[in-house]
>>> print(open('data-v7.txt').read())   # compact mmCIF, C-alpha atoms
# COMPACT_ATOMS: atom_id res chain seq x y z
CA GLY D 1 -2.73 9.83 13.98
CA GLU D 2 0.32 8.75 12.04
CA ASN D 3 1.73 10.94 9.24
CA VAL D 4 4.42 9.66 6.87
CA GLU D 5 6.42 12.05 4.71
CA GLN D 6 8.53 10.74 1.81
CA HIS D 7 11.31 12.44 -0.15
CA PRO D 8 12.19 12.97 -2.90
CA SER D 9 9.09 12.66 -5.07
CA THR D 10 11.23 11.90 -8.13
CA LEU D 11 14.74 10.51 -8.38
CA SER D 12 16.83 9.90 -11.48
CA VAL D 13 20.09 7.95 -11.34
CA GLN D 14 22.52 6.37 -13.77
CA GLU D 15 22.64 2.60 -13.97
CA GLY D 16 25.11 1.30 -11.40
CA ASP D 17 24.72 4.26 -9.05
CA SER D 18 23.04 4.08 -5.64
CA ALA D 19 19.60 5.48 -4.84
CA VAL D 20 18.38 6.63 -1.43
CA ILE D 21 14.77 7.41 -0.50
CA LYS D 22 13.94 8.88 2.89
CA CYS D 23 10.79 8.85 5.02
CA THR D 24 9.86 10.42 8.32
CA TYR D 25 6.99 9.47 10.61
CA SER D 26 5.21 11.25 13.42
CA ASP D 27 3.75 8.57 15.71
CA SER D 28 6.31 7.17 18.15
CA ALA D 29 4.03 4.13 18.62
CA SER D 30 4.62 3.01 15.02
CA ASN D 31 6.62 -0.18 15.01
CA TYR D 32 6.55 -1.53 11.47
CA PHE D 33 7.99 0.10 8.35
CA PRO D 34 7.60 -1.68 4.99
CA TRP D 35 8.70 -0.55 1.55
CA TYR D 36 6.65 -1.34 -1.54
CA LYS D 37 7.59 -1.22 -5.22
CA GLN D 38 4.91 -0.47 -7.79
CA GLU D 39 5.56 -0.80 -11.51
CA LEU D 40 3.35 1.08 -13.93
CA GLY D 41 -0.15 -0.37 -14.01
CA LYS D 42 0.70 -3.06 -11.47
CA ARG D 43 -0.10 -3.69 -7.84
CA PRO D 44 2.27 -2.69 -4.99
CA GLN D 45 4.61 -5.44 -3.89
CA LEU D 46 6.57 -5.67 -0.67
CA ILE D 47 10.33 -5.49 -1.22
CA ILE D 48 11.68 -5.13 2.33
CA ASP D 49 10.46 -4.24 5.79
CA ILE D 50 11.88 -3.37 9.18
CA ARG D 51 10.57 -3.40 12.73
CA SER D 52 11.28 -0.88 15.45
CA ASN D 53 13.57 -3.24 17.38
CA VAL D 54 15.99 -3.43 14.43
CA GLY D 55 18.26 -0.66 13.09
CA GLU D 56 19.16 -2.04 9.69
CA LYS D 57 18.13 -4.84 7.36
CA LYS D 58 19.65 -5.94 4.04
CA ASP D 59 18.46 -8.12 1.20
CA GLN D 60 20.96 -8.34 -1.66
CA ARG D 61 21.06 -4.88 -3.29
CA ILE D 62 18.46 -3.26 -1.07
CA ALA D 63 18.72 -2.18 2.55
CA VAL D 64 16.57 -0.25 4.98
CA THR D 65 17.77 1.73 7.99
CA LEU D 66 15.67 2.99 10.88
CA ASN D 67 16.44 5.77 13.36
CA LYS D 68 13.78 5.62 16.05
CA THR D 69 15.04 8.66 17.91
CA ALA D 70 14.82 10.87 14.84
CA LYS D 71 11.71 9.03 13.54
CA HIS D 72 13.08 8.45 10.08
CA PHE D 73 13.85 5.46 7.90
CA SER D 74 15.50 5.12 4.52
CA LEU D 75 15.64 2.75 1.57
CA HIS D 76 19.01 2.20 -0.08
CA ILE D 77 19.37 0.54 -3.47
CA THR D 78 22.91 -0.17 -4.64
CA GLU D 79 24.12 -1.00 -8.15
CA THR D 80 20.83 0.18 -9.64
CA GLN D 81 19.52 -1.50 -12.79
CA PRO D 82 16.92 -0.32 -15.34
CA GLU D 83 14.43 -2.84 -13.90
CA ASP D 84 14.59 -0.96 -10.59
CA SER D 85 12.66 1.87 -12.30
CA ALA D 86 9.29 2.11 -10.51
CA VAL D 87 7.43 4.04 -7.84
CA TYR D 88 8.52 3.19 -4.31
CA PHE D 89 6.30 3.72 -1.28
CA CYS D 90 7.29 3.74 2.35
CA ALA D 91 4.73 3.10 5.07
CA GLY D 92 4.57 3.12 8.82
CA GLY D 93 2.12 2.03 11.45
CA SER D 94 1.06 -0.09 14.37
CA GLN D 95 -2.08 -1.73 15.71
CA GLY D 96 -2.99 -3.06 12.30
CA ASN D 97 -3.05 0.15 10.26
CA LEU D 98 -0.50 1.34 7.75
CA ILE D 99 -0.08 4.93 6.57
CA PHE D 100 1.72 5.31 3.25
CA GLY D 101 4.03 8.02 1.98
CA LYS D 102 3.16 9.67 -1.32
CA GLY D 103 5.74 7.75 -3.29
CA THR D 104 9.05 8.28 -5.09
CA LYS D 105 9.32 7.75 -8.82
CA LEU D 106 12.74 6.24 -9.45
CA SER D 107 14.16 6.31 -12.97
CA VAL D 108 17.35 4.38 -13.71
CA LYS D 109 18.98 5.50 -16.95
CA PRO D 110 21.06 2.94 -18.84
CA ASN V 1 -3.84 -20.20 -5.05
CA ALA V 2 -5.34 -17.26 -6.93
CA GLY V 3 -4.24 -14.90 -4.14
CA VAL V 4 -6.26 -11.68 -3.96
CA THR V 5 -8.71 -11.11 -6.80
CA GLN V 6 -10.73 -8.02 -7.63
CA THR V 7 -13.60 -7.40 -10.03
CA PRO V 8 -14.21 -5.48 -12.16
CA LYS V 9 -10.86 -4.30 -13.54
CA PHE V 10 -12.39 -1.13 -14.97
CA GLN V 11 -15.67 0.66 -14.28
CA VAL V 12 -17.27 3.91 -15.40
CA LEU V 13 -20.11 5.31 -13.32
CA LYS V 14 -22.29 8.37 -13.53
CA THR V 15 -22.59 10.69 -10.57
CA GLY V 16 -25.15 9.36 -8.11
CA GLN V 17 -24.96 5.72 -9.21
CA SER V 18 -24.08 3.01 -6.73
CA MET V 19 -21.95 -0.06 -7.20
CA THR V 20 -19.98 -2.73 -5.38
CA LEU V 21 -16.32 -3.51 -5.93
CA GLN V 22 -15.62 -7.14 -5.24
CA CYS V 23 -12.58 -8.54 -3.44
CA ALA V 24 -11.83 -12.14 -2.60
CA GLN V 25 -8.85 -14.05 -1.23
CA ASP V 26 -8.22 -17.77 -0.99
CA MET V 27 -5.35 -17.70 1.51
CA ASN V 28 -7.54 -17.85 4.65
CA HIS V 29 -6.29 -14.43 5.71
CA GLU V 30 -8.02 -12.79 8.65
CA TYR V 31 -7.10 -9.21 7.77
CA MET V 32 -8.46 -7.48 4.66
CA SER V 33 -8.45 -3.84 3.65
CA TRP V 34 -9.34 -1.38 0.91
CA TYR V 35 -7.09 1.43 -0.28
CA ARG V 36 -7.55 4.08 -2.89
CA GLN V 37 -4.65 5.41 -4.92
CA ASP V 38 -4.71 8.87 -6.46
CA PRO V 39 -1.85 10.50 -8.42
CA GLY V 40 0.67 12.02 -6.05
CA MET V 41 -1.26 10.86 -2.98
CA GLY V 42 0.07 7.39 -2.34
CA LEU V 43 -2.25 4.75 -0.93
CA ARG V 44 -4.93 5.78 1.55
CA LEU V 45 -6.80 3.32 3.74
CA ILE V 46 -10.59 3.38 3.32
CA HIS V 47 -11.86 0.52 5.51
CA TYR V 48 -10.38 -2.62 6.99
CA SER V 49 -11.48 -5.83 8.65
CA VAL V 50 -9.65 -7.97 11.19
CA GLY V 51 -11.97 -10.92 10.70
CA ALA V 52 -15.42 -12.03 9.60
CA GLY V 53 -18.09 -9.80 11.10
CA ILE V 54 -15.64 -7.04 12.14
CA THR V 55 -14.95 -3.88 10.15
CA ASP V 56 -13.52 -0.48 10.95
CA GLN V 57 -12.81 2.84 9.28
CA GLY V 58 -9.50 3.96 7.86
CA GLU V 59 -8.28 7.40 6.82
CA VAL V 60 -10.89 8.17 4.13
CA PRO V 61 -14.11 6.21 4.84
CA ASN V 62 -16.73 8.76 3.79
CA GLY V 63 -18.91 7.64 0.87
CA TYR V 64 -17.98 3.96 1.23
CA ASN V 65 -19.48 1.00 3.08
CA VAL V 66 -18.04 -2.45 3.72
CA SER V 67 -19.14 -5.73 5.22
CA ARG V 68 -17.32 -8.98 5.99
CA SER V 69 -19.73 -11.89 6.13
CA THR V 70 -17.10 -14.49 5.25
CA THR V 71 -13.33 -14.76 5.66
CA GLU V 72 -12.86 -14.85 1.89
CA ASP V 73 -14.86 -11.83 0.71
CA PHE V 74 -14.66 -8.11 1.49
CA PRO V 75 -16.82 -6.02 -0.88
CA LEU V 76 -16.63 -2.23 -1.03
CA ARG V 77 -19.84 -0.36 -1.74
CA LEU V 78 -20.09 3.12 -3.19
CA LEU V 79 -23.47 4.44 -2.11
CA SER V 80 -23.78 7.49 -4.40
CA ALA V 81 -20.75 7.90 -6.65
CA ALA V 82 -19.09 11.31 -6.92
CA PRO V 83 -16.33 12.50 -9.29
CA SER V 84 -14.02 12.77 -6.25
CA GLN V 85 -14.19 8.98 -6.01
CA THR V 86 -12.44 8.56 -9.36
CA SER V 87 -9.41 6.53 -8.38
CA VAL V 88 -7.68 3.17 -8.50
CA TYR V 89 -8.91 0.89 -5.72
CA PHE V 90 -6.74 -1.85 -4.24
CA CYS V 91 -7.86 -4.60 -1.94
CA ALA V 92 -5.23 -6.23 0.28
CA SER V 93 -5.05 -9.10 2.73
CA SER V 94 -2.65 -10.55 5.26
CA ARG V 95 -2.75 -13.34 7.78
CA THR V 96 -2.95 -11.20 10.90
CA GLY V 97 -2.69 -7.54 9.89
CA PRO V 98 -0.32 -5.36 7.84
CA THR V 99 1.95 -4.59 10.77
CA SER V 100 2.36 -8.20 11.82
CA VAL V 101 5.12 -10.54 10.72
CA HIS V 102 2.98 -11.65 7.77
CA GLU V 103 3.23 -9.94 4.39
CA GLN V 104 0.32 -7.94 3.05
CA TYR V 105 -0.75 -8.99 -0.48
CA PHE V 106 -2.47 -6.60 -2.86
CA GLY V 107 -5.04 -7.40 -5.52
CA PRO V 108 -4.63 -6.19 -9.13
CA GLY V 109 -6.76 -3.09 -8.62
CA THR V 110 -9.99 -1.63 -9.99
CA ARG V 111 -9.81 1.59 -12.01
CA LEU V 112 -12.99 3.57 -11.36
CA THR V 113 -14.05 6.69 -13.24
CA VAL V 114 -17.04 8.74 -12.13
CA THR V 115 -18.38 11.24 -14.66
>>> encode(input="data-v7.txt", output="structure tokens")
Amino acid sequence: GENVEQHPSTLSVQEGDSAVIKCTYSDSASNYFPWYKQELGKRPQLIIDIRSNVGEKKDQRIAVTLNKTAKHFSLHITETQPEDSAVYFCAGGSQGNLIFGKGTKLSVKP
Amino acid sequence: NAGVTQTPKFQVLKTGQSMTLQCAQDMNHEYMSWYRQDPGMGLRLIHYSVGAGITDQGEVPNGYNVSRSTTEDFPLRLLSAAPSQTSVYFCASSRTGPTSVHEQYFGPGTRLTVT
């Protein structure tokens, strides 16, 4: 089955800096890779996703890149703001099932 | 639309008790699923359903039962609660599955403690 590894587990940046979170996956059949943001005590919410036929996708300050050959994908947040502080989860899967990484706690210091 | 709703928000059970966590959605989504979230473990899929009358197991199904008699409802039953089932439980739904083009929406969660 699919296995998704996520690094780092914690990340601290200064406001205005960039943050990068990386994930690797094991199942070459996986074709969908979403990223979720979860604030403390709240539900996960989708922030961006990418499919295996696309190498990069951007939405304002966030972008995701996918390297199918190496089986890894990354989340990039530019010009970080204190409200970006949260836990971020990557996920990967196909055929209707998603496997989640263990999460990255991002802290943005003003 | 209320989206995905879950009840109760909090629950404390004693070991061996049974209970049902309720989940409902009003978006006419075919796909519904249950995850549990433990510290440092991310979200793990318990059971899922691709439509009324159809359910299947996820990563961690042991100790849990589900049924899907209607499109709207997807209850999760704990048959004999154990301390290892202490967790936050999230229900989620999407139009055609979490890897389709349609976004997966999560409910607010149920925090369960088993003593």
>>> residues_near_point(input="data-v7.txt", point="(4.8, 4.9, 8.6)", cutoff="12 Å", atoms="all atoms listed in the file", output="number ranges by chain")
D: 1-6, 22-35, 49-52, 66, 68, 71-74, 89-102; V: 43, 98-99
>>> write_last_selection(input="data-v7.txt", atoms="C-alpha atoms", output="CSV table (one decimal), keeping the file's coordinate frame")
chain,number,residue,atom,x,y,z
D,1,GLY,CA,-2.7,9.8,14.0
D,2,GLU,CA,0.3,8.8,12.0
D,3,ASN,CA,1.7,10.9,9.2
D,4,VAL,CA,4.4,9.7,6.9
D,5,GLU,CA,6.4,12.0,4.7
D,6,GLN,CA,8.5,10.7,1.8
D,22,LYS,CA,13.9,8.9,2.9
D,23,CYS,CA,10.8,8.8,5.0
D,24,THR,CA,9.9,10.4,8.3
D,25,TYR,CA,7.0,9.5,10.6
D,26,SER,CA,5.2,11.2,13.4
D,27,ASP,CA,3.8,8.6,15.7
D,28,SER,CA,6.3,7.2,18.2
D,29,ALA,CA,4.0,4.1,18.6
D,30,SER,CA,4.6,3.0,15.0
D,31,ASN,CA,6.6,-0.2,15.0
D,32,TYR,CA,6.6,-1.5,11.5
D,33,PHE,CA,8.0,0.1,8.4
D,34,PRO,CA,7.6,-1.7,5.0
D,35,TRP,CA,8.7,-0.6,1.6
D,49,ASP,CA,10.5,-4.2,5.8
D,50,ILE,CA,11.9,-3.4,9.2
D,51,ARG,CA,10.6,-3.4,12.7
D,52,SER,CA,11.3,-0.9,15.4
D,66,LEU,CA,15.7,3.0,10.9
D,68,LYS,CA,13.8,5.6,16.0
D,71,LYS,CA,11.7,9.0,13.5
D,72,HIS,CA,13.1,8.4,10.1
D,73,PHE,CA,13.8,5.5,7.9
D,74,SER,CA,15.5,5.1,4.5
D,89,PHE,CA,6.3,3.7,-1.3
D,90,CYS,CA,7.3,3.7,2.4
D,91,ALA,CA,4.7,3.1,5.1
D,92,GLY,CA,4.6,3.1,8.8
D,93,GLY,CA,2.1,2.0,11.4
D,94,SER,CA,1.1,-0.1,14.4
D,95,GLN,CA,-2.1,-1.7,15.7
D,96,GLY,CA,-3.0,-3.1,12.3
D,97,ASN,CA,-3.0,0.2,10.3
D,98,LEU,CA,-0.5,1.3,7.8
D,99,ILE,CA,-0.1,4.9,6.6
D,100,PHE,CA,1.7,5.3,3.2
D,101,GLY,CA,4.0,8.0,2.0
D,102,LYS,CA,3.2,9.7,-1.3
V,43,LEU,CA,-2.2,4.8,-0.9
V,98,PRO,CA,-0.3,-5.4,7.8
V,99,THR,CA,2.0,-4.6,10.8
>>> residues_near_point(input="data-v7.txt", point="(12.8, 11.1, -3.2)", cutoff="7 Å", atoms="only C-alpha atoms", output="JSON, numbers by chain")
{"D": [6, 7, 8, 9, 10, 11, 21, 22, 104]}
>>> closest_residue(input="data-v7.txt", among="D:Gly55, D:Gly16, D:Pro110, D:Gly41", to="chain V", atoms="only C-alpha atoms")
D:Gly41
>>> residues_around(input="data-v7.txt", residues="Ser67 in chain V", least_positions_apart="6", cutoff="10 Å", atoms="only C-alpha atoms", output="PyMOL selection string")
chain V and resi 47-49+52-56+73-77
>>> residues_around(input="data-v7.txt", residues="Glu30 in chain V", least_positions_apart="6", cutoff="8 Å", atoms="only C-alpha atoms", output="CSV table (one decimal) with C-alpha atoms, keeping the file's coordinate frame")
chain,number,residue,atom,x,y,z
V,49,SER,CA,-11.5,-5.8,8.6
V,50,VAL,CA,-9.6,-8.0,11.2
V,51,GLY,CA,-12.0,-10.9,10.7
V,52,ALA,CA,-15.4,-12.0,9.6
V,71,THR,CA,-13.3,-14.8,5.7
V,93,SER,CA,-5.0,-9.1,2.7
V,94,SER,CA,-2.6,-10.6,5.3
V,95,ARG,CA,-2.8,-13.3,7.8
V,96,THR,CA,-3.0,-11.2,10.9
V,97,GLY,CA,-2.7,-7.5,9.9
>>> atom_distance(input="data-v7.txt", atom1="CA of Arg43 in chain D", atom2="CA of Leu106 in chain D")
16.3 Å
>>> closest_residue(input="data-v7.txt", among="V:Ser69, V:Gln37, V:Ser18, V:Gln85", to="chain D", atoms="only C-alpha atoms")
V:Gln37
>>> interface_residues(input="data-v7.txt", of="chain V", to="chain D", cutoff="12 Å", atoms="only C-alpha atoms", output="ChimeraX atom specification")
/V:4-6,9,30-50,56-60,88-111
>>> write_last_selection(input="data-v7.txt", atoms="C-alpha atoms", output="PDB file, keeping the file's coordinate frame")
ATOM      1  CA  VAL V   4      -6.260 -11.680  -3.960  1.00  0.00           C
ATOM      2  CA  THR V   5      -8.710 -11.110  -6.800  1.00  0.00           C
ATOM      3  CA  GLN V   6     -10.730  -8.020  -7.630  1.00  0.00           C
ATOM      4  CA  LYS V   9     -10.860  -4.300 -13.540  1.00  0.00           C
ATOM      5  CA  GLU V  30      -8.020 -12.790   8.650  1.00  0.00           C
ATOM      6  CA  TYR V  31      -7.100  -9.210   7.770  1.00  0.00           C
ATOM      7  CA  MET V  32      -8.460  -7.480   4.660  1.00  0.00           C
ATOM      8  CA  SER V  33      -8.450  -3.840   3.650  1.00  0.00           C
ATOM      9  CA  TRP V  34      -9.340  -1.380   0.910  1.00  0.00           C
ATOM     10  CA  TYR V  35      -7.090   1.430  -0.280  1.00  0.00           C
ATOM     11  CA  ARG V  36      -7.550   4.080  -2.890  1.00  0.00           C
ATOM     12  CA  GLN V  37      -4.650   5.410  -4.920  1.00  0.00           C
ATOM     13  CA  ASP V  38      -4.710   8.870  -6.460  1.00  0.00           C
ATOM     14  CA  PRO V  39      -1.850  10.500  -8.420  1.00  0.00           C
ATOM     15  CA  GLY V  40       0.670  12.020  -6.050  1.00  0.00           C
ATOM     16  CA  MET V  41      -1.260  10.860  -2.980  1.00  0.00           C
ATOM     17  CA  GLY V  42       0.070   7.390  -2.340  1.00  0.00           C
ATOM     18  CA  LEU V  43      -2.250   4.750  -0.930  1.00  0.00           C
ATOM     19  CA  ARG V  44      -4.930   5.780   1.550  1.00  0.00           C
ATOM     20  CA  LEU V  45      -6.800   3.320   3.740  1.00  0.00           C
ATOM     21  CA  ILE V  46     -10.590   3.380   3.320  1.00  0.00           C
ATOM     22  CA  HIS V  47     -11.860   0.520   5.510  1.00  0.00           C
ATOM     23  CA  TYR V  48     -10.380  -2.620   6.990  1.00  0.00           C
ATOM     24  CA  SER V  49     -11.480  -5.830   8.650  1.00  0.00           C
ATOM     25  CA  VAL V  50      -9.650  -7.970  11.190  1.00  0.00           C
ATOM     26  CA  ASP V  56     -13.520  -0.480  10.950  1.00  0.00           C
ATOM     27  CA  GLN V  57     -12.810   2.840   9.280  1.00  0.00           C
ATOM     28  CA  GLY V  58      -9.500   3.960   7.860  1.00  0.00           C
ATOM     29  CA  GLU V  59      -8.280   7.400   6.820  1.00  0.00           C
ATOM     30  CA  VAL V  60     -10.890   8.170   4.130  1.00  0.00           C
ATOM     31  CA  VAL V  88      -7.680   3.170  -8.500  1.00  0.00           C
ATOM     32  CA  TYR V  89      -8.910   0.890  -5.720  1.00  0.00           C
ATOM     33  CA  PHE V  90      -6.740  -1.850  -4.240  1.00  0.00           C
ATOM     34  CA  CYS V  91      -7.860  -4.600  -1.940  1.00  0.00           C
ATOM     35  CA  ALA V  92      -5.230  -6.230   0.280  1.00  0.00           C
ATOM     36  CA  SER V  93      -5.050  -9.100   2.730  1.00  0.00           C
ATOM     37  CA  SER V  94      -2.650 -10.550   5.260  1.00  0.00           C
ATOM     38  CA  ARG V  95      -2.750 -13.340   7.780  1.00  0.00           C
ATOM     39  CA  THR V  96      -2.950 -11.200  10.900  1.00  0.00           C
ATOM     40  CA  GLY V  97      -2.690  -7.540   9.890  1.00  0.00           C
ATOM     41  CA  PRO V  98      -0.320  -5.360   7.840  1.00  0.00           C
ATOM     42  CA  THR V  99       1.950  -4.590  10.770  1.00  0.00           C
ATOM     43  CA  SER V 100       2.360  -8.200  11.820  1.00  0.00           C
ATOM     44  CA  VAL V 101       5.120 -10.540  10.720  1.00  0.00           C
ATOM     45  CA  HIS V 102       2.980 -11.650   7.770  1.00  0.00           C
ATOM     46  CA  GLU V 103       3.230  -9.940   4.390  1.00  0.00           C
ATOM     47  CA  GLN V 104       0.320  -7.940   3.050  1.00  0.00           C
ATOM     48  CA  TYR V 105      -0.750  -8.990  -0.480  1.00  0.00           C
ATOM     49  CA  PHE V 106      -2.470  -6.600  -2.860  1.00  0.00           C
ATOM     50  CA  GLY V 107      -5.040  -7.400  -5.520  1.00  0.00           C
ATOM     51  CA  PRO V 108      -4.630  -6.190  -9.130  1.00  0.00           C
ATOM     52  CA  GLY V 109      -6.760  -3.090  -8.620  1.00  0.00           C
ATOM     53  CA  THR V 110      -9.990  -1.630  -9.990  1.00  0.00           C
ATOM     54  CA  ARG V 111      -9.810   1.590 -12.010  1.00  0.00           C
TER      55      ARG V 111
END
>>> atom_distance(input="data-v7.txt", atom1="CA of Ala86 in chain D", atom2="CA of Thr113 in chain V")
23.9 Å
>>> closest_residue(input="data-v7.txt", among="D:Ser18, D:Gln60, D:Ser12, D:Thr69", to="Ile47 in chain D", atoms="all atoms listed in the file")
D:Gln60
>>> atom_distance(input="data-v7.txt", atom1="CA of Glu39 in chain D", atom2="CA of Ser85 in chain D")
7.6 Å
>>> closest_residue(input="data-v7.txt", among="V:Glu72, V:Leu112, V:Asn62, V:Gly3", to="Leu21 in chain V", atoms="only C-alpha atoms")
V:Leu112
>>> residues_around(input="data-v7.txt", residues="Lys109 in chain D", least_positions_apart="6", cutoff="7 Å", atoms="all atoms listed in the file", output="PyMOL selection string")
chain D and resi 13-15+82
>>> write_last_selection(input="data-v7.txt", atoms="C-alpha atoms", output="JSON list (two decimals), keeping the file's coordinate frame")
[["chain", "number", "residue", "atom", "x", "y", "z"],
["D", 13, "VAL", "CA", 20.09, 7.95, -11.34],
["D", 14, "GLN", "CA", 22.52, 6.37, -13.77],
["D", 15, "GLU", "CA", 22.64, 2.60, -13.97],
["D", 82, "PRO", "CA", 16.92, -0.32, -15.34]]
